[in-house]
$ cat entry-v1.pdb   # PDB, C-alpha atoms
ATOM      1  CA  GLU A   1     -49.994 -16.806  50.869
ATOM      2  CA  THR A   2     -50.453 -18.812  54.063
ATOM      3  CA  GLY A   3     -48.054 -21.600  54.915
ATOM      4  CA  VAL A   4     -48.746 -25.133  56.084
ATOM      5  CA  THR A   5     -50.366 -25.291  59.499
ATOM      6  CA  GLN A   6     -50.888 -28.263  61.820
ATOM      7  CA  SER A   7     -52.959 -28.848  64.907
ATOM      8  CA  PRO A   8     -52.619 -29.535  67.693
ATOM      9  CA  THR A   9     -49.044 -28.560  68.510
ATOM     10  CA  HIS A  10     -48.662 -31.138  71.254
ATOM     11  CA  LEU A  11     -50.746 -34.107  72.309
ATOM     12  CA  ILE A  12     -50.521 -36.739  75.023
ATOM     13  CA  LYS A  13     -52.424 -40.009  74.609
ATOM     14  CA  THR A  14     -52.568 -43.353  76.347
ATOM     15  CA  ARG A  15     -51.611 -46.645  74.737
ATOM     16  CA  GLY A  16     -54.582 -48.161  72.912
ATOM     17  CA  GLN A  17     -56.317 -44.857  72.258
ATOM     18  CA  GLN A  18     -56.968 -43.269  68.884
ATOM     19  CA  VAL A  19     -55.715 -39.884  67.665
ATOM     20  CA  THR A  20     -56.500 -37.500  64.804
ATOM     21  CA  LEU A  21     -53.978 -34.938  63.622
ATOM     22  CA  ARG A  22     -54.881 -32.128  61.226
ATOM     23  CA  CYS A  23     -53.052 -30.291  58.494
ATOM     24  CA  SER A  24     -53.974 -27.313  56.370
ATOM     25  CA  SER A  25     -52.030 -27.220  53.106
ATOM     26  CA  GLN A  26     -50.395 -24.188  51.593
ATOM     27  CA  SER A  27     -52.845 -22.290  49.425
ATOM     28  CA  GLY A  28     -53.218 -23.828  45.957
ATOM     29  CA  HIS A  29     -51.389 -27.078  46.749
ATOM     30  CA  ASN A  30     -53.212 -30.288  45.763
ATOM     31  CA  THR A  31     -50.911 -32.893  47.331
ATOM     32  CA  VAL A  32     -50.223 -33.624  50.965
ATOM     33  CA  SER A  33     -47.720 -36.047  52.460
ATOM     34  CA  TRP A  34     -47.393 -37.169  56.060
ATOM     35  CA  TYR A  35     -44.145 -38.083  57.771
ATOM     36  CA  GLN A  36     -43.224 -39.491  61.174
ATOM     37  CA  GLN A  37     -40.027 -38.284  62.837
ATOM     38  CA  ALA A  38     -38.714 -40.176  65.845
ATOM     39  CA  LEU A  39     -36.281 -38.413  68.118
ATOM     40  CA  GLY A  40     -32.834 -38.098  66.547
ATOM     41  CA  GLN A  41     -33.948 -39.538  63.200
ATOM     42  CA  GLY A  42     -34.908 -38.090  59.830
ATOM     43  CA  PRO A  43     -38.589 -37.993  58.891
ATOM     44  CA  GLN A  44     -40.090 -41.223  57.504
ATOM     45  CA  PHE A  45     -42.794 -41.192  54.847
ATOM     46  CA  ILE A  46     -46.202 -42.476  55.992
ATOM     47  CA  PHE A  47     -48.476 -41.783  53.000
ATOM     48  CA  GLN A  48     -49.457 -39.211  50.426
ATOM     49  CA  TYR A  49     -52.807 -37.927  49.192
ATOM     50  CA  TYR A  50     -53.460 -36.372  45.807
ATOM     51  CA  ARG A  51     -56.910 -35.054  44.926
ATOM     52  CA  GLU A  52     -58.449 -36.873  47.900
ATOM     53  CA  GLU A  53     -57.027 -40.311  46.978
ATOM     54  CA  GLU A  54     -54.163 -42.138  48.646
ATOM     55  CA  ASN A  55     -51.245 -41.914  46.220
ATOM     56  CA  GLY A  56     -48.515 -43.914  47.873
ATOM     57  CA  ARG A  57     -47.741 -45.393  51.251
ATOM     58  CA  GLY A  58     -44.623 -46.086  53.242
ATOM     59  CA  ASN A  59     -43.932 -49.003  55.547
ATOM     60  CA  PHE A  60     -46.630 -48.228  58.104
ATOM     61  CA  PRO A  61     -49.440 -50.548  59.276
ATOM     62  CA  PRO A  62     -53.110 -50.029  58.344
ATOM     63  CA  ARG A  63     -53.874 -48.495  61.737
ATOM     64  CA  PHE A  64     -52.311 -45.383  60.215
ATOM     65  CA  SER A  65     -54.924 -43.911  57.902
ATOM     66  CA  GLY A  66     -55.662 -40.572  56.358
ATOM     67  CA  LEU A  67     -58.088 -38.332  54.571
ATOM     68  CA  GLN A  68     -57.773 -35.372  52.261
ATOM     69  CA  PHE A  69     -60.716 -33.014  51.883
ATOM     70  CA  PRO A  70     -61.917 -31.000  48.858
ATOM     71  CA  ASN A  71     -60.248 -27.890  50.261
ATOM     72  CA  TYR A  72     -56.993 -29.942  50.384
ATOM     73  CA  SER A  73     -56.811 -29.981  54.166
ATOM     74  CA  SER A  74     -55.889 -33.370  55.548
ATOM     75  CA  GLU A  75     -56.106 -35.666  58.574
ATOM     76  CA  LEU A  76     -53.880 -38.409  59.893
ATOM     77  CA  ASN A  77     -55.605 -40.976  62.088
ATOM     78  CA  VAL A  78     -53.783 -43.497  64.214
ATOM     79  CA  ASN A  79     -55.715 -46.287  65.950
ATOM     80  CA  ALA A  80     -54.607 -48.529  68.805
ATOM     81  CA  LEU A  81     -51.733 -46.280  69.768
ATOM     82  CA  GLU A  82     -48.463 -47.907  70.782
ATOM     83  CA  LEU A  83     -45.597 -46.427  72.781
ATOM     84  CA  ASP A  84     -43.420 -46.403  69.620
ATOM     85  CA  ASP A  85     -45.900 -44.062  67.947
ATOM     86  CA  SER A  86     -44.486 -41.263  70.085
ATOM     87  CA  ALA A  87     -42.918 -38.924  67.544
ATOM     88  CA  LEU A  88     -43.181 -35.644  65.694
ATOM     89  CA  TYR A  89     -45.756 -35.916  62.901
ATOM     90  CA  LEU A  90     -45.162 -33.645  59.939
ATOM     91  CA  CYS A  91     -47.329 -32.857  56.993
ATOM     92  CA  ALA A  92     -46.026 -31.351  53.778
ATOM     93  CA  SER A  93     -47.873 -29.913  50.809
ATOM     94  CA  SER A  94     -46.838 -29.599  47.196
ATOM     95  CA  HIS A  95     -48.336 -28.998  43.780
ATOM     96  CA  VAL A  96     -47.403 -31.349  40.979
ATOM     97  CA  ALA A  97     -48.658 -29.184  38.139
ATOM     98  CA  LYS A  98     -46.120 -26.486  38.905
ATOM     99  CA  GLY A  99     -43.428 -28.917  37.790
ATOM    100  CA  VAL A 100     -41.063 -28.479  40.693
ATOM    101  CA  TYR A 101     -41.635 -30.860  43.510
ATOM    102  CA  GLU A 102     -40.321 -29.146  46.585
ATOM    103  CA  GLN A 103     -42.496 -29.811  49.592
ATOM    104  CA  TYR A 104     -43.541 -27.260  52.165
ATOM    105  CA  PHE A 105     -43.637 -28.593  55.702
ATOM    106  CA  GLY A 106     -45.718 -27.601  58.668
ATOM    107  CA  PRO A 107     -44.249 -27.219  62.161
ATOM    108  CA  GLY A 108     -45.444 -30.674  63.185
ATOM    109  CA  THR A 109     -47.504 -32.201  65.971
ATOM    110  CA  ARG A 110     -45.592 -33.736  68.851
ATOM    111  CA  LEU A 111     -47.421 -36.890  69.967
ATOM    112  CA  THR A 112     -46.519 -38.584  73.229
ATOM    113  CA  VAL A 113     -48.005 -41.998  74.001
ATOM    114  CA  THR A 114     -47.847 -43.122  77.622
TER     115      THR A 114
ATOM    116  CA  ASP B   1     -34.102 -45.247  46.176
ATOM    117  CA  ALA B   2     -30.626 -43.805  45.778
ATOM    118  CA  LYS B   3     -28.560 -43.974  48.969
ATOM    119  CA  THR B   4     -26.875 -40.867  50.292
ATOM    120  CA  THR B   5     -23.888 -40.421  52.579
ATOM    121  CA  GLN B   6     -23.367 -37.248  54.578
ATOM    122  CA  PRO B   7     -21.079 -36.423  57.503
ATOM    123  CA  ASN B   8     -22.886 -36.715  60.820
ATOM    124  CA  SER B   9     -21.855 -33.256  61.939
ATOM    125  CA  MET B  10     -19.929 -30.172  60.896
ATOM    126  CA  GLU B  11     -18.951 -26.959  62.584
ATOM    127  CA  SER B  12     -18.453 -23.501  61.175
ATOM    128  CA  ASN B  13     -17.572 -20.057  62.452
ATOM    129  CA  GLU B  14     -20.113 -17.340  61.936
ATOM    130  CA  GLU B  15     -19.718 -15.396  58.669
ATOM    131  CA  GLU B  16     -17.443 -18.073  57.208
ATOM    132  CA  PRO B  17     -18.444 -20.121  54.140
ATOM    133  CA  VAL B  18     -19.647 -23.671  54.742
ATOM    134  CA  HIS B  19     -19.421 -26.560  52.300
ATOM    135  CA  LEU B  20     -21.739 -29.458  53.126
ATOM    136  CA  PRO B  21     -20.922 -32.580  51.073
ATOM    137  CA  CYS B  22     -23.194 -35.404  49.991
ATOM    138  CA  ASN B  23     -22.379 -38.609  48.146
ATOM    139  CA  HIS B  24     -25.164 -40.147  46.056
ATOM    140  CA  SER B  25     -23.289 -42.574  43.828
ATOM    141  CA  THR B  26     -26.389 -44.659  42.964
ATOM    142  CA  ILE B  27     -28.476 -41.707  41.800
ATOM    143  CA  SER B  28     -30.418 -42.281  38.581
ATOM    144  CA  GLY B  29     -30.028 -40.024  35.565
ATOM    145  CA  THR B  30     -33.404 -38.355  36.065
ATOM    146  CA  ASP B  31     -33.271 -37.795  39.827
ATOM    147  CA  TYR B  32     -33.043 -34.234  40.994
ATOM    148  CA  ILE B  33     -30.842 -33.501  44.012
ATOM    149  CA  HIS B  34     -32.815 -31.676  46.665
ATOM    150  CA  TRP B  35     -31.520 -30.172  49.885
ATOM    151  CA  TYR B  36     -33.681 -29.514  52.893
ATOM    152  CA  ARG B  37     -32.774 -28.276  56.330
ATOM    153  CA  GLN B  38     -34.490 -28.611  59.667
ATOM    154  CA  LEU B  39     -33.992 -25.941  62.281
ATOM    155  CA  PRO B  40     -34.527 -26.902  65.922
ATOM    156  CA  SER B  41     -38.181 -27.500  66.785
ATOM    157  CA  GLN B  42     -39.365 -26.848  63.228
ATOM    158  CA  GLY B  43     -40.411 -28.864  60.190
ATOM    159  CA  PRO B  44     -37.942 -29.327  57.326
ATOM    160  CA  GLU B  45     -37.473 -26.391  54.988
ATOM    161  CA  TYR B  46     -36.670 -26.603  51.279
ATOM    162  CA  VAL B  47     -33.273 -25.055  50.480
ATOM    163  CA  ILE B  48     -32.359 -25.719  46.862
ATOM    164  CA  HIS B  49     -32.407 -28.348  44.133
ATOM    165  CA  GLY B  50     -30.627 -29.126  40.881
ATOM    166  CA  LEU B  51     -30.196 -31.736  38.165
ATOM    167  CA  THR B  52     -26.856 -31.245  36.447
ATOM    168  CA  SER B  53     -25.827 -27.608  36.496
ATOM    169  CA  ASN B  54     -24.769 -25.637  39.532
ATOM    170  CA  VAL B  55     -27.620 -23.625  41.022
ATOM    171  CA  ASN B  56     -27.846 -20.486  43.120
ATOM    172  CA  ASN B  57     -30.696 -18.983  45.097
ATOM    173  CA  ARG B  58     -31.036 -16.484  47.914
ATOM    174  CA  MET B  59     -30.320 -19.150  50.537
ATOM    175  CA  ALA B  60     -27.430 -21.148  49.118
ATOM    176  CA  SER B  61     -25.550 -22.524  46.130
ATOM    177  CA  LEU B  62     -25.519 -26.111  44.949
ATOM    178  CA  ALA B  63     -22.489 -27.524  43.197
ATOM    179  CA  ILE B  64     -23.088 -30.832  41.418
ATOM    180  CA  ALA B  65     -20.208 -33.036  40.313
ATOM    181  CA  GLU B  66     -19.962 -33.721  36.604
ATOM    182  CA  ASP B  67     -20.666 -37.437  37.149
ATOM    183  CA  ARG B  68     -23.568 -36.500  39.502
ATOM    184  CA  LYS B  69     -22.318 -38.917  42.151
ATOM    185  CA  SER B  70     -21.830 -36.150  44.658
ATOM    186  CA  SER B  71     -22.939 -32.618  45.385
ATOM    187  CA  THR B  72     -22.042 -29.830  47.786
ATOM    188  CA  LEU B  73     -24.350 -27.330  49.420
ATOM    189  CA  ILE B  74     -22.594 -24.020  49.929
ATOM    190  CA  LEU B  75     -23.651 -21.450  52.491
ATOM    191  CA  HIS B  76     -21.646 -18.384  51.574
ATOM    192  CA  ARG B  77     -21.673 -16.732  55.008
ATOM    193  CA  ALA B  78     -22.940 -18.884  57.841
ATOM    194  CA  THR B  79     -25.095 -17.197  60.447
ATOM    195  CA  LEU B  80     -26.303 -18.517  63.789
ATOM    196  CA  ARG B  81     -29.694 -19.021  62.166
ATOM    197  CA  ASP B  82     -28.155 -21.552  59.760
ATOM    198  CA  ALA B  83     -27.545 -24.028  62.607
ATOM    199  CA  ALA B  84     -29.704 -26.968  61.545
ATOM    200  CA  VAL B  85     -29.704 -30.532  60.222
ATOM    201  CA  TYR B  86     -29.129 -30.515  56.472
ATOM    202  CA  TYR B  87     -30.510 -33.330  54.338
ATOM    203  CA  CYS B  88     -29.475 -34.214  50.798
ATOM    204  CA  ILE B  89     -32.254 -36.138  49.027
ATOM    205  CA  PRO B  90     -32.417 -37.528  45.462
ATOM    206  CA  VAL B  91     -35.932 -36.912  44.141
ATOM    207  CA  HIS B  92     -37.425 -38.625  41.120
ATOM    208  CA  SER B  93     -39.823 -36.654  38.978
ATOM    209  CA  GLY B  94     -43.448 -36.647  40.064
ATOM    210  CA  ASN B  95     -44.834 -36.775  43.543
ATOM    211  CA  THR B  96     -42.335 -39.270  44.896
ATOM    212  CA  PRO B  97     -41.998 -39.043  48.660
ATOM    213  CA  LEU B  98     -38.863 -37.654  50.247
ATOM    214  CA  VAL B  99     -36.525 -40.270  51.697
ATOM    215  CA  PHE B 100     -34.601 -38.628  54.514
ATOM    216  CA  GLY B 101     -31.314 -39.995  55.827
ATOM    217  CA  LYS B 102     -29.779 -38.795  59.065
ATOM    218  CA  GLY B 103     -28.394 -35.616  57.498
ATOM    219  CA  THR B 104     -25.547 -33.402  58.686
ATOM    220  CA  ARG B 105     -25.941 -31.418  61.880
ATOM    221  CA  LEU B 106     -24.336 -28.021  61.303
ATOM    222  CA  SER B 107     -23.223 -26.016  64.319
ATOM    223  CA  VAL B 108     -22.352 -22.356  63.870
ATOM    224  CA  ILE B 109     -20.054 -20.722  66.392
ATOM    225  CA  ALA B 110     -20.266 -17.004  67.094
TER     226      ALA B 110
END
$ encode --input "entry-v1.pdb" --output "structure tokens"
Amino acid sequence: ETGVTQSPTHLIKTRGQQVTLRCSSQSGHNTVSWYQQALGQGPQFIFQYYREEENGRGNFPPRFSGLQFPNYSSELNVNALELDDSALYLCASSHVAKGVYEQYFGPGTRLTVT
Amino acid sequence: DAKTTQPNSMESNEEEPVHLPCNHSTISGTDYIHWYRQLPSQGPEYVIHGLTSNVNNRMASLAIAEDRKSSTLILHRATLRDAAVYYCIPVHSGNTPLVFGKGTRLSVIA
């Protein structure tokens, strides 16, 4: 059973640019959630996808968007990057039908906006 | 969302037991109590969860107060690898997102 993987590991972008981060869910999991973790803080929920539909969103602007694909892999897109978007971006997969809702996290993508 | 209160930091000697407390006085009757930990430079890792009864697994034990307003994560013999930030998170049933606080940073001394 493979775990959650994310790519790339690190990324440096310039303010105003756009970025796409990728996540491959744990095998058999149908739900993916994305979190943003600023330095020294706990992760903050961005949004969740279940069966390719957005299933909840945190307090993040529309320039944060996502996709989930039929194979349950997922993307996080951020447009018009701002300096405050510099953070560790984490994805987590889970499977509702199993009845226990622990989430399995990937190692994260470290985004730096200059 | 139920609020949680955890100490900012704790320290333990290697191979000693560690008791990590969490107050969650506003927890609802159907919220599970989940614990996650985050090792340096890694994503959070699920540790354990419970509803009312105490729970044990290969990683830790979870003791839940009878009134469910607090819980304690117990590491029976701390190792250097247990140095991490530990988060206590009430989780409603379903796919509700995790609401992380600042957690407790555990240092383990050899």
$ interface_residues --input "entry-v1.pdb" --of "chain A" --to "chain B" --cutoff "6 Å" --atoms "only C-alpha atoms" --output "MDAnalysis selection string"
chainID A and resid 41:43 105:107
$ closest_residue --input "entry-v1.pdb" --among "A:Thr2, A:Arg57, A:Glu52, A:Cys91" --to "Thr109 in chain A" --atoms "all atoms listed in the file"
A:Cys91
$ resolve_selection --input "entry-v1.pdb" --expression "the PyMOL selection byres ((chain A and resi 37) around 10)" --output "ChimeraX atom specification"
/A:35-36,38-45,85-90,108,110 /B:43,100
$ atom_distance --input "entry-v1.pdb" --atom1 "CA of Gly16 in chain A" --atom2 "CA of Gly58 in chain A"
22.1 Å
$ residues_around --input "entry-v1.pdb" --residues "His76 in chain B" --least-positions-apart "3" --cutoff "8 Å" --atoms "all atoms listed in the file" --output "ChimeraX atom specification"
/B:15-18,60-61
$ closest_residue --input "entry-v1.pdb" --among "A:Gln68, A:Gln17, A:Gln48, A:Ser94" --to "Ser33 in chain A" --atoms "all atoms listed in the file"
A:Gln48
$ resolve_selection --input "entry-v1.pdb" --expression "the PyMOL selection byres ((chain A and resi 31) around 7)" --output "list in words"
His29, Asn30, Val32, Ser33, Tyr49, Tyr50, Arg51, Ser93, Ser94 and His95 of chain A
$ residues_around --input "entry-v1.pdb" --residues "Arg81 in chain B" --least-positions-apart "6" --cutoff "10 Å" --atoms "only C-alpha atoms" --output "PyMOL selection string"
chain B and resi 14+39-40+107-108
$ build_atoms --input "entry-v1.pdb" --residues "range 32-43 of chain A" --atoms "all heavy atoms" --output "compact mmCIF listing (two decimals), keeping the file's coordinate frame"
# COMPACT_ATOMS: atom_id res chain seq x y z
N VAL A 32 -50.71 -33.69 49.59
CA VAL A 32 -50.22 -33.62 50.96
C VAL A 32 -49.55 -34.96 51.32
O VAL A 32 -50.04 -36.03 50.95
CB VAL A 32 -51.36 -33.29 51.95
CG1 VAL A 32 -52.39 -34.41 52.02
CG2 VAL A 32 -50.80 -33.02 53.34
N SER A 33 -48.44 -34.86 52.00
CA SER A 33 -47.72 -36.05 52.46
C SER A 33 -47.56 -35.96 53.96
O SER A 33 -47.42 -34.87 54.52
CB SER A 33 -46.33 -36.12 51.80
OG SER A 33 -46.44 -36.13 50.39
N TRP A 34 -47.59 -37.10 54.61
CA TRP A 34 -47.39 -37.17 56.06
C TRP A 34 -46.12 -37.94 56.35
O TRP A 34 -45.82 -38.96 55.70
CB TRP A 34 -48.58 -37.86 56.72
CG TRP A 34 -49.81 -37.01 56.82
CD1 TRP A 34 -50.82 -36.89 55.90
CD2 TRP A 34 -50.17 -36.15 57.91
NE1 TRP A 34 -51.78 -36.02 56.35
CE2 TRP A 34 -51.41 -35.55 57.59
CE3 TRP A 34 -49.58 -35.84 59.14
CZ2 TRP A 34 -52.07 -34.66 58.44
CZ3 TRP A 34 -50.23 -34.96 59.98
CH2 TRP A 34 -51.46 -34.37 59.64
N TYR A 35 -45.39 -37.46 57.36
CA TYR A 35 -44.14 -38.08 57.77
C TYR A 35 -44.14 -38.25 59.29
O TYR A 35 -44.72 -37.43 60.01
CB TYR A 35 -42.95 -37.21 57.38
CG TYR A 35 -42.72 -37.07 55.89
CD1 TYR A 35 -43.45 -36.14 55.14
CD2 TYR A 35 -41.79 -37.85 55.22
CE1 TYR A 35 -43.26 -36.01 53.78
CE2 TYR A 35 -41.58 -37.72 53.85
CZ TYR A 35 -42.32 -36.80 53.14
OH TYR A 35 -42.12 -36.67 51.79
N GLN A 36 -43.45 -39.27 59.74
CA GLN A 36 -43.22 -39.49 61.17
C GLN A 36 -41.74 -39.29 61.46
O GLN A 36 -40.90 -39.84 60.74
CB GLN A 36 -43.63 -40.91 61.56
CG GLN A 36 -43.43 -41.23 63.03
CD GLN A 36 -43.48 -42.73 63.31
OE1 GLN A 36 -42.60 -43.48 62.87
NE2 GLN A 36 -44.48 -43.18 64.05
N GLN A 37 -41.43 -38.51 62.49
CA GLN A 37 -40.03 -38.28 62.84
C GLN A 37 -39.79 -38.66 64.29
O GLN A 37 -40.22 -37.94 65.20
CB GLN A 37 -39.61 -36.83 62.59
CG GLN A 37 -38.13 -36.59 62.79
CD GLN A 37 -37.69 -35.20 62.38
OE1 GLN A 37 -38.49 -34.27 62.35
NE2 GLN A 37 -36.40 -35.05 62.05
N ALA A 38 -39.11 -39.77 64.49
CA ALA A 38 -38.71 -40.18 65.84
C ALA A 38 -37.54 -39.32 66.28
O ALA A 38 -36.82 -38.74 65.46
CB ALA A 38 -38.34 -41.65 65.85
N LEU A 39 -37.34 -39.26 67.56
CA LEU A 39 -36.28 -38.41 68.12
C LEU A 39 -34.92 -38.81 67.57
O LEU A 39 -34.54 -39.98 67.56
CB LEU A 39 -36.30 -38.57 69.65
CG LEU A 39 -35.86 -37.36 70.48
CD1 LEU A 39 -36.70 -36.14 70.14
CD2 LEU A 39 -35.98 -37.69 71.96
N GLY A 40 -34.18 -37.83 67.03
CA GLY A 40 -32.83 -38.10 66.55
C GLY A 40 -32.76 -38.72 65.16
O GLY A 40 -31.67 -39.04 64.69
N GLN A 41 -33.91 -38.91 64.52
CA GLN A 41 -33.95 -39.54 63.20
C GLN A 41 -34.50 -38.56 62.17
O GLN A 41 -35.11 -37.55 62.51
CB GLN A 41 -34.85 -40.78 63.22
CG GLN A 41 -34.48 -41.80 64.25
CD GLN A 41 -33.14 -42.45 63.96
OE1 GLN A 41 -32.84 -42.79 62.82
NE2 GLN A 41 -32.33 -42.60 64.99
N GLY A 42 -34.28 -38.86 60.89
CA GLY A 42 -34.91 -38.09 59.83
C GLY A 42 -36.37 -38.49 59.69
O GLY A 42 -36.77 -39.57 60.12
N PRO A 43 -37.18 -37.64 59.09
CA PRO A 43 -38.59 -37.99 58.89
C PRO A 43 -38.75 -39.24 58.00
O PRO A 43 -37.96 -39.44 57.09
CB PRO A 43 -39.15 -36.76 58.18
CG PRO A 43 -38.23 -35.63 58.56
CD PRO A 43 -36.87 -36.28 58.66
